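J.: Please find one structure pasted underneath; my questions will follow.
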Number of protein chains: 2
Amino acid sequence: MATADVVTMDKIVSLSKRRGFIFPSSEIYGGIGSSYDYGHYGVLLKNNVKAEWWRSLLRERDDVVALDSAIIQHPRTWEASGHIAGFTDPLVDCRTCKRRYRADKLEDGQCGEKPSKPPGEGPNCDLTEARNFNLMFQTTVGPVQDEGSTVFLRPETAQGIFLNFKHYLQFARKKPPFGIAQVGKSFRNEITPGNFVFRMREFEQMEMEFFVPPAEADKWYDFWKQARFDWYVKLGIRPDHLRLRPHDADELSHYSSATSDVEYLYPIGWQELEGIANRGDFDLRQHAEYSRQNLEYVDTASGERYLPYVIEPAAGADRATLAFLCDAYDEDEIEGETRTVLRLHPALAPVKAAVLPLVKKDGQPEVAREIVAALRERLQVEYDEGGAIGRRYRRQDEIGTPWSITVDHQSLDDRTVTVRDRDSLQQDRVAIDALADELERRLRAPWRSPKGSYGP
Amino acid sequence: MATADVVTMDKIVSLSKRRGFIFPSSEIYGGIGSSYDYGHYGVLLKNNVKAEWWRSLLRERDDVVALDSAIIQHPRTWEASGHIAGFTDPLVDCRTCKRRYRADKLEDGQCGEKPSKPPGEGPNCDLTEARNFNLMFQTTVGPVQDEGSTVFLRPETAQGIFLNFKHYLQFARKKPPFGIAQVGKSFRNEITPGNFVFRMREFEQMEMEFFVPPAEADKWYDFWKQARFDWYVKLGIRPDHLRLRPHDADELSHYSSATSDVEYLYPIGWQELEGIANRGDFDLRQHAEYSRQNLEYVDTASGERYLPYVIEPAAGADRATLAFLCDAYDEDEIEGETRTVLRLHPALAPVKAAVLPLVKKDGQPEVAREIVAALRERLQVEYDEGGAIGRRYRRQDEIGTPWSITVDHQSLDDRTVTVRDRDSLQQDRVAIDALADELERRLRAPWRSPKGSYGP
């Protein structure tokens, strides 16, 4: 059972801006709707999220390989995939205010001239009939001026994988079951983006297509549902803030025989974090037909040939980053003051260790600098000598730095420092020479959020 | 003096496709001009290139912070930057074949109907007057149908940095000199892309804007020229394949008072790998004017206020990856057979170690699997049990794996394995328990290409 938590979306947005994790894009020009830039700590955090995703697939397994396909692909791709015909929302335009609304969600809209009313109920509203509006961004490429030069920004990274499936059978010497994984930007011209980085028009995906013999599809679907759920838990999301929700029959996409969402309890409620779908052979069959190429896998030993089925775990890098931020956000009280602290898994923390001289004299800054130089070979570290030590600890707590290393008077005598733990607040004395190994040991140790699980 | 080398662009293209580093995009639909996808080893290699770039700036320095800004920014950005007015090529259209050509490079073009002749000299050529064609991709965003909804795919990542400069003064507590670094895709609707991944319409940049007090601009310009040159050398490019070429006065961009290119001796000749420019205060001044915001830095201690000057090292991730591939490519003879080997710096190598049981029996595969499980916590490793050992070594040589670890009969007795070095071909016996530390030690050791320098 989930319990009340201190986190709200407002607090996340405010911390993100204050500490430069994430902030509105193009803000000096008034912004551009629902578009966000990642600042210093946001880049480090999101890079860590992506690196852990890669690690779980490429490093820890033998059956997954990587791809980075272009954002602009051949336009036939989107005919074959069904996006040109079917990736649409029904929209109406208002002839008065020139705004566009989702015809199926008029009640959620705001009249362009009278925002207190939904479109169609404003005094001057003049709505057109609904028509289908494709969500793909369209542009024109290259030197030839004909219809062949109209191209689309990909609305998902998945299709680039299907286009290259055959290559991987050849040069990667792969046979099913195996997966092809990709991280990259996708674009959807959403009419109603919102909720911070939860739904943006430009967003980053982490998708894998796992190709299997048809008879093994159910087994692998179950496997990946659980594996992806477990990935979030291992990286510190509390299990009671996660659930697997199978789609009802009427929710399923045309290509899928089964889909489950990993949902996270965001401050806005339970929402999709990742979808795991059994896409069958829909995509390979479509591309085989449109390209007139045989995309079957042929087992040279048995002579068996088949179009593999595909299990797809499709995650959002921005949604995952947001979930990790929300789940890590905490407030507690230290010495009578409220402390904001991000209890991030150390592997995700933007900065692993801060090195702080207790005072800005007596040789302490020099020793601290020496420690920074030794540690940075292996870890992202930060040096901070400005202000009271308590205030410096708070700054690091707020960005989720798991360990703060303080150089004090004793350090100059015996070459030891204190290592303060962000969560337990315990301070251990560690020899400077043993510091790097000790921090790497702590980094690799299993970790569980001290916020505790409120599980059933 | 550069000497003849075995590498040609054809060999690089061929190896890249054969081993799945890089191959033409959307190939099952006949491709899309000058667009490429990165396969498994290509992703690993390019990710390592980007990681080393980040490492050199974020980890090893205290004065650089990260940004990841949106590809689609407010359109005023490109008015202020000068791209809408000036980022153009003069083009002519042929009314007969509907092709478009660069008016200033007609002699390099091919007539659409008679490719042996340049445009204008084919029998049916009917060329229009030249007009300026903007190289930015254009698309339409969001629900409002007016001119404000036309947006552009960024042609460079740099402007996203200038837009956010003020944020960094605040939340990153930074003051000049400091840099903001960014990695990401940019898009240019080039009329004449080509030379593999050297010039693509969709490409990835690694750019930093380093903000400095105006009086220090020359000093920092010199510093970054050398630092960026040295980065390539440190990662194994032979110094005689690199040069710094200052732009002549008539080559300089309107915003720059000085620019130098780091050029690499590609198989197609000396070409720009990276540009280092002194942009002065051009960009901040423009954005201050267009946004009506004060972008000056104010020193709270001295009261001094100024628009910082900017030193920009702007590298291409694709060009750098291509340069590392070209410089690493080698052929030598082993036991009477020609071997293709990528002599990549170990830090860049897609796979750090291959683990190979000498025979597929006698418990050797099990020991090899155990080694893989222990190593993959720290390194990208690959297991291969298929085929003769010599052939497996060649496969690893071709993708640049620095160390091949062979499990043999002796391994079962004394828990040691052989570690074969890709370049020296030397085989050392190492205890299995010491393997991870030994490989990490080798990874961190300074490295120099065994192809040697042919320097002046």
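Ligands are numbered from 1 in the order shown, residues from 1 within each chain, and chains are lettered A, B, ... in the order they appear in the structure tokens.
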What's around Asp428 (chain A) at 10 Å? Count only C-alpha atoms, leave out sequence neighbours fewer than 5 positions away in its own chain, and write the answer as a PyMOL selection string.
T.: chain A and resi 405+416-421
J.: Based on the selection just made, write N, CA and C atoms of those residues as a PDB file, in the first residue's frame.
T.:
```
ATOM      1  N   ILE A 405      33.505  13.961   1.810  1.00  0.00           N
ATOM      2  CA  ILE A 405      34.802  13.671   2.412  1.00  0.00           C
ATOM      3  C   ILE A 405      35.351  14.963   2.988  1.00  0.00           C
ATOM      4  N   THR A 416      44.231  10.840   7.403  1.00  0.00           N
ATOM      5  CA  THR A 416      42.899  10.249   7.323  1.00  0.00           C
ATOM      6  C   THR A 416      41.891  11.368   7.105  1.00  0.00           C
ATOM      7  N   VAL A 417      40.720  11.011   6.619  1.00  0.00           N
ATOM      8  CA  VAL A 417      39.639  11.982   6.416  1.00  0.00           C
ATOM      9  C   VAL A 417      38.356  11.366   6.949  1.00  0.00           C
ATOM     10  N   THR A 418      37.320  12.176   7.108  1.00  0.00           N
ATOM     11  CA  THR A 418      36.025  11.601   7.462  1.00  0.00           C
ATOM     12  C   THR A 418      35.205  11.415   6.190  1.00  0.00           C
ATOM     13  N   VAL A 419      34.469  10.302   6.148  1.00  0.00           N
ATOM     14  CA  VAL A 419      33.538  10.055   5.046  1.00  0.00           C
ATOM     15  C   VAL A 419      32.133  10.069   5.641  1.00  0.00           C
ATOM     16  N   ARG A 420      31.361  11.055   5.241  1.00  0.00           N
ATOM     17  CA  ARG A 420      29.994  11.207   5.765  1.00  0.00           C
ATOM     18  C   ARG A 420      29.014  10.584   4.790  1.00  0.00           C
ATOM     19  N   ASP A 421      28.152   9.730   5.301  1.00  0.00           N
ATOM     20  CA  ASP A 421      27.134   9.090   4.479  1.00  0.00           C
ATOM     21  C   ASP A 421      25.880   9.969   4.430  1.00  0.00           C
TER      22      ASP A 421
END
```
J.: I need the strand (DSSP E or B) residues of region 385-433 of chain B per DSSP on the backbone, written as a VMD selection string.
T.: chain B and resid 403 to 407 416 to 421 427 to 431
J.: Mind listing the helix (DSSP H, G or I) residues of region 330-419 of chain B, per DSSP on the backbone, as a list in words?
T.: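 Residues meeting the helix (DSSP H, G or I) criterion: Gln364, Pro365, Glu366, Val367, Ala368, Arg369, Glu370, Ile371, Val372, Ala373, Ala374, Leu375, Ile389, Gly390, Arg391, Arg392, Tyr393, Arg394, Arg395, Gln396, Asp397, Glu398, Ile399, His409, Gln410, Ser411, Leu412, Asp413 and Asp414 of chain B.
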J.: Give me, please, the distance in Å between CA of Leu57 (chain A) and CA of His241 (chain A), quoted to one decimal.
T.: 23.6 Å
J.: For region 271-288 of chain A, list every protein, DNA or RNA residue within 7 Å, evaluated using only C-alpha atoms, and leave out those in the same chain fewer than 2 positions away; present the list as a count of residues only.
T.: 36
